[in-house]
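Asks: Quick one: this structure, given as structure tokens, is what I'll be asking you about.
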Amino acid sequence: MLNVVLVEPEIPQNCGNVARTCAATGARLHLIRPLGFDISDKAVKRAGLDYWHLVEVFDYENLDDFFCRNPDARDIWLTTTKAPRSYAEAEFRDGCWLFFGKETAGLPEDFRKAHRERCIRLPMREEARSLNLSNTVAVCVYEALRQTDFSGLAGEGEMAQPR
């Protein structure tokens with residue numbers, strides 16, 4: 001099972017979309033405060049549609065609180081536009097922790113520097129500042145799932161069944 005960690009997310013629709021990705025994939029969602037919205041906010045609920053019951057959500061006061069409550073969180077990957085290598089070079093394992101920063105500033109600099117060898121990025125044009133947070137989460141989650149053979153997920157749709 002994957003762990004998606006949003007550090008200080010600001011936009012409720014992004015959080016809702018990430019929650020929907022987590023619901024569809026069985027990933028756990030970890031939210032690091034401060035949040036730019038109320039977790040019960042209508043926009044968050046609407047973006048996640050009726051999937052919230054499928055998502056295991058954890059809430060933390062800050063990164064220190066997160067690591068205190070999750071001492072086993074060692075297989076971590078930090079996504080940042082400032083990373084030295086592509087996400088395609090990462091070797092994801094079941095149970096890994098994928099960190100994503102807030103929309104306006106990304107992950108804290110001291111956190112990135114402390115885990116430089118675990119920083120990855122999605123390749124993009126130099127002129128583009130970044131991708132949308134929820135899109136970045138989806139790309140990274142599905143790459144991690146691909147590397148772990150999509151364990152526990154349906155690999156085919158109804159069209160695979162003979163008529």
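To be explicit about the labels: the chains of the structure tokens are called A, B, and onward in the order shown, and within each one the residues are counted from 1, while ligands get numbers from 1 in the order they are shown.
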Going by DSSP on the backbone, which bits of chain A are strand (DSSP E or B)? Write them as a PyMOL selection string, please.
Replies: chain A and resi 3-7+28-32+57-60+76-79+86+97-100+102+106+119-121
Asks: Each residue of segment 69-110 of chain A lying at most 12 Å from segment 146-155 of chain A should get a row with its shortest atom-to-atom pair and the distance in Å to one decimal, counting only C-alpha atoms; could you produce that, ordered by chain and increasing number, as CSV?
Replies:
residue,atom,partner,partner_atom,distance
A:Tyr87,CA,A:Gln147,CA,11.7
A:Ala88,CA,A:Gln147,CA,10.0
A:Glu89,CA,A:Gln147,CA,11.2
A:Ala90,CA,A:Gln147,CA,9.7
A:Glu91,CA,A:Gln147,CA,7.6
A:Phe92,CA,A:Gln147,CA,6.5
A:Arg93,CA,A:Thr148,CA,6.4
A:Asp94,CA,A:Thr148,CA,6.4
A:Gly95,CA,A:Thr148,CA,10.0
A:Cys96,CA,A:Thr148,CA,10.7
Asks: Kindly give the distance, in Å, that separates atom CA of Met1 of chain A and atom CA of Ala144 of chain A, rounded to a single decimal.
Replies: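 Between atom CA of Met1 of chain A and atom CA of Ala144 of chain A the gap is 10.0 Å.
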Asks: Any idea what's packed within 10 Å of Leu35 of chain A, counting only C-alpha atoms, ignoring anything in its chain fewer than 4 positions away? Could you give it as a PyMOL selection string?
Replies: chain A and resi 6-12+15+31+39+59+61+102
Asks: How many Å lie between atom CA of His115 of chain A and atom CA of Ser130 of chain A, rounded to one decimal?
Replies: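 It comes out at 20.3 Å.
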Asks: By how many Å are atom CA of Leu145 of chain A and atom CA of Trp77 of chain A apart?
Replies: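 Those two atoms sit 14.0 Å apart.
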Asks: Looking at only C-alpha atoms, which of A:Asn62, A:Asn3, A:Asn14, A:Thr80 is the one that sits closest to Ile32 of chain A?
Replies: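 Answer, going by the shortest atom-to-atom distance: A:Asn62.
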Asks: Give the answer as one residue: which of A:Ala160, A:Ala73, A:Val5, A:Ala83 has the shortest atom-to-atom distance to Val137 of chain A, using only C-alpha atoms?
Replies: A:Val5
Asks: Of the residues A:Asp110, A:Glu117, A:Glu158, A:Glu103, which is the one nearest to Asn132 of chain A, using only C-alpha atoms?
Replies: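 Nearest to Asn132 of chain A: A:Glu103.
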Asks: Among chain A, which ones does DSSP assign to alpha helix (DSSP H) (computed from the backbone)? Answer as a ChimeraX atom specification.
Replies: /A:12-25,42-48,63-69,109-114,133-147
Asks: Quick one: of A:Cys22, A:Leu98, A:Ile76, A:Ile120, who's nearest to Glu56 of chain A, counting only C-alpha atoms?
Replies: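 So, comparing all the options, the nearest one is A:Cys22.
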Asks: Select, from A:Ala24, A:Ala19, A:Leu78, A:Ala105, the residue with the minimum atom-to-atom distance to Val57 of chain A, counting only C-alpha atoms.
Replies: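 The shortest atom-to-atom distance to Val57 of chain A comes from A:Ala19.
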Asks: Of the candidates A:Ala23, A:Asp75, A:Val139, A:His30, which shows the shortest atom-to-atom distance to His53 of chain A, using only C-alpha atoms?
Replies: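 Closest residue, counting only C-alpha atoms: A:Ala23.
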